[in-house]
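Engineer: Below are the structure tokens for one structure; questions will follow.
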Amino acid sequence: MPQLVYSNKINKIRSFALILVFVGIGFMYIGLLTKKIEWLMAIFFVLGVLFVIFSTVVYFWIGLFSVRAVSIICPSCEKPTKMLGRVDACMHCDQPLTLDKNLEGKEFDEKYNKRKYRREQE
Ligand SMILES: [Zn+2]
């Protein structure tokens with residue numbers, strides 16, 4: 001049976017930042033392999049450093065988001081989790097969560113977070 005799995009937004013951004021770090025390290029590693037060609041090595045190193053810097057920025061950005069995120073106890077696994085926006089998923093068990101009473105019991109949909117949808121409701 002196909003199952004739609006929603007993952008927590010903060011977790012999603014965090015894994016994105018982690019991937020960036022690995023990409024950065026990957027570029028630097030390729031740089032080491034091409035050390036015979038100095039300019040090529042320099043390009044790979046600069047790219048690597050840029051990716052690592054970018055991931056740091058993303059981590060910082062998550063930090064800002066976490067402050068704005070609402071901390072709740074997941075009703076399903078009873079662990080503390082943070083959610084962003086009106087609908088989000090639990091960090092631990094991916095249980096869809098909502099802060100909006102009107103959306104309770106409705107099928108989880110990312111569109112509830114979109115501004116367009118909110119405007120249509122008003
Ligand atoms: Zn949970």
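Residues are referred to by chain and number: the chain letter is A, B, ... according to the order shown in the structure tokens, the number counts from 1 in that chain, and ligands are numbered separately from 1 in the order shown.
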Got a sec to check which residues lie within 10 Å of ligand 1, using only C-alpha atoms and all ligand atoms, and send them as an MDAnalysis selection string?
Structural biologist: chainID A and resid 72:81 89:97
Engineer: Which residues in region 82-115 of chain A does DSSP call strand (DSSP E)? List them as a VMD selection string.
Structural biologist: chain A and resid 82 to 83 87 to 89 96 to 98
Engineer: Give me, as a PyMOL selection string, all polymer residues having an atom no more than 12 Å from Ala69 (chain A), counting only C-alpha atoms and skipping those fewer than 4 positions away in the same chain.
Structural biologist: chain A and resi 8-10+62-65+81-88+99
Engineer: Between A:Val49, A:Val5, A:Leu103, A:Leu40, which one has atoms that come closest to Gly26 (chain A), using only C-alpha atoms?
Structural biologist: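 Using only C-alpha atoms, Gly26 (chain A) sits closest to A:Val49.
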Engineer: Out of A:Lys12, A:Asn113, A:Arg119, A:Leu18, which residue has the shortest atom-to-atom distance to Val52 (chain A) when counting only C-alpha atoms?
Structural biologist: A:Leu18
Engineer: Among chain A, which residues does DSSP mark as alpha helix (DSSP H) when it is run on the backbone? Keep the chain and numbering as in the structure and answer as a ChimeraX atom specification.
Structural biologist: /A:9-33,38-68,115-121
Engineer: Mind writing the picked residues with C-alpha atoms as a PDB file, in the first residue's frame?
Structural biologist:
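Dumped everything to part-v4.pdb:
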ATOM      1  CA  LYS A   9      10.362  20.403   8.552  1.00  0.00           C
ATOM      2  CA  ILE A  10      13.187  21.148  10.971  1.00  0.00           C
ATOM      3  CA  ASN A  11      14.522  17.624  10.467  1.00  0.00           C
ATOM      4  CA  LYS A  12      14.285  18.064   6.710  1.00  0.00           C
ATOM      5  CA  ILE A  13      16.316  21.271   6.722  1.00  0.00           C
ATOM      6  CA  ARG A  14      18.806  19.695   9.107  1.00  0.00           C
ATOM      7  CA  SER A  15      19.455  16.730   6.831  1.00  0.00           C
ATOM      8  CA  PHE A  16      19.769  19.143   3.911  1.00  0.00           C
ATOM      9  CA  ALA A  17      22.508  21.010   5.801  1.00  0.00           C
ATOM     10  CA  LEU A  18      24.230  17.724   6.580  1.00  0.00           C
ATOM     11  CA  ILE A  19      24.219  16.768   2.905  1.00  0.00           C
ATOM     12  CA  LEU A  20      25.805  20.149   2.106  1.00  0.00           C
ATOM     13  CA  VAL A  21      28.657  19.443   4.526  1.00  0.00           C
ATOM     14  CA  PHE A  22      29.306  16.105   2.828  1.00  0.00           C
ATOM     15  CA  VAL A  23      29.185  17.673  -0.627  1.00  0.00           C
ATOM     16  CA  GLY A  24      31.703  20.279   0.596  1.00  0.00           C
ATOM     17  CA  ILE A  25      34.022  17.601   1.973  1.00  0.00           C
ATOM     18  CA  GLY A  26      33.563  15.644  -1.263  1.00  0.00           C
ATOM     19  CA  PHE A  27      34.710  18.630  -3.324  1.00  0.00           C
ATOM     20  CA  MET A  28      37.752  19.116  -1.113  1.00  0.00           C
ATOM     21  CA  TYR A  29      38.574  15.421  -1.472  1.00  0.00           C
ATOM     22  CA  ILE A  30      38.400  15.677  -5.262  1.00  0.00           C
ATOM     23  CA  GLY A  31      40.657  18.723  -4.834  1.00  0.00           C
ATOM     24  CA  LEU A  32      43.224  16.530  -3.094  1.00  0.00           C
ATOM     25  CA  LEU A  33      43.060  14.046  -5.948  1.00  0.00           C
ATOM     26  CA  GLU A  38      47.019  23.515  -9.025  1.00  0.00           C
ATOM     27  CA  TRP A  39      44.256  25.700 -10.460  1.00  0.00           C
ATOM     28  CA  LEU A  40      41.847  22.736 -10.540  1.00  0.00           C
ATOM     29  CA  MET A  41      42.656  21.904  -6.933  1.00  0.00           C
ATOM     30  CA  ALA A  42      42.060  25.535  -5.970  1.00  0.00           C
ATOM     31  CA  ILE A  43      38.651  25.517  -7.672  1.00  0.00           C
ATOM     32  CA  PHE A  44      37.573  22.329  -5.874  1.00  0.00           C
ATOM     33  CA  PHE A  45      38.779  23.680  -2.545  1.00  0.00           C
ATOM     34  CA  VAL A  46      36.954  26.959  -2.975  1.00  0.00           C
ATOM     35  CA  LEU A  47      33.779  25.084  -3.951  1.00  0.00           C
ATOM     36  CA  GLY A  48      34.170  22.823  -0.921  1.00  0.00           C
ATOM     37  CA  VAL A  49      34.622  25.745   1.435  1.00  0.00           C
ATOM     38  CA  LEU A  50      31.601  27.507  -0.104  1.00  0.00           C
ATOM     39  CA  PHE A  51      29.406  24.455   0.499  1.00  0.00           C
ATOM     40  CA  VAL A  52      30.566  24.174   4.092  1.00  0.00           C
ATOM     41  CA  ILE A  53      29.912  27.897   4.649  1.00  0.00           C
ATOM     42  CA  PHE A  54      26.476  27.545   3.060  1.00  0.00           C
ATOM     43  CA  SER A  55      25.628  24.642   5.358  1.00  0.00           C
ATOM     44  CA  THR A  56      26.687  26.727   8.354  1.00  0.00           C
ATOM     45  CA  VAL A  57      24.277  29.415   7.183  1.00  0.00           C
ATOM     46  CA  VAL A  58      21.527  26.800   6.858  1.00  0.00           C
ATOM     47  CA  TYR A  59      22.270  25.532  10.389  1.00  0.00           C
ATOM     48  CA  PHE A  60      22.065  29.079  11.683  1.00  0.00           C
ATOM     49  CA  TRP A  61      18.771  29.496   9.849  1.00  0.00           C
ATOM     50  CA  ILE A  62      17.376  26.334  11.494  1.00  0.00           C
ATOM     51  CA  GLY A  63      18.397  27.827  14.818  1.00  0.00           C
ATOM     52  CA  LEU A  64      16.285  30.887  14.086  1.00  0.00           C
ATOM     53  CA  PHE A  65      13.378  28.708  12.976  1.00  0.00           C
ATOM     54  CA  SER A  66      13.594  26.503  16.060  1.00  0.00           C
ATOM     55  CA  VAL A  67      13.083  29.547  18.239  1.00  0.00           C
ATOM     56  CA  ARG A  68       9.891  30.372  16.372  1.00  0.00           C
ATOM     57  CA  ARG A 115      -0.235  31.668   2.020  1.00  0.00           C
ATOM     58  CA  LYS A 116      -2.508  31.243  -0.983  1.00  0.00           C
ATOM     59  CA  TYR A 117      -4.629  28.657   0.816  1.00  0.00           C
ATOM     60  CA  ARG A 118      -4.853  30.827   3.902  1.00  0.00           C
ATOM     61  CA  ARG A 119      -6.020  33.787   1.838  1.00  0.00           C
ATOM     62  CA  GLU A 120      -8.710  31.674   0.176  1.00  0.00           C
ATOM     63  CA  GLN A 121     -10.025  30.724   3.586  1.00  0.00           C
TER      64      GLN A 121
END
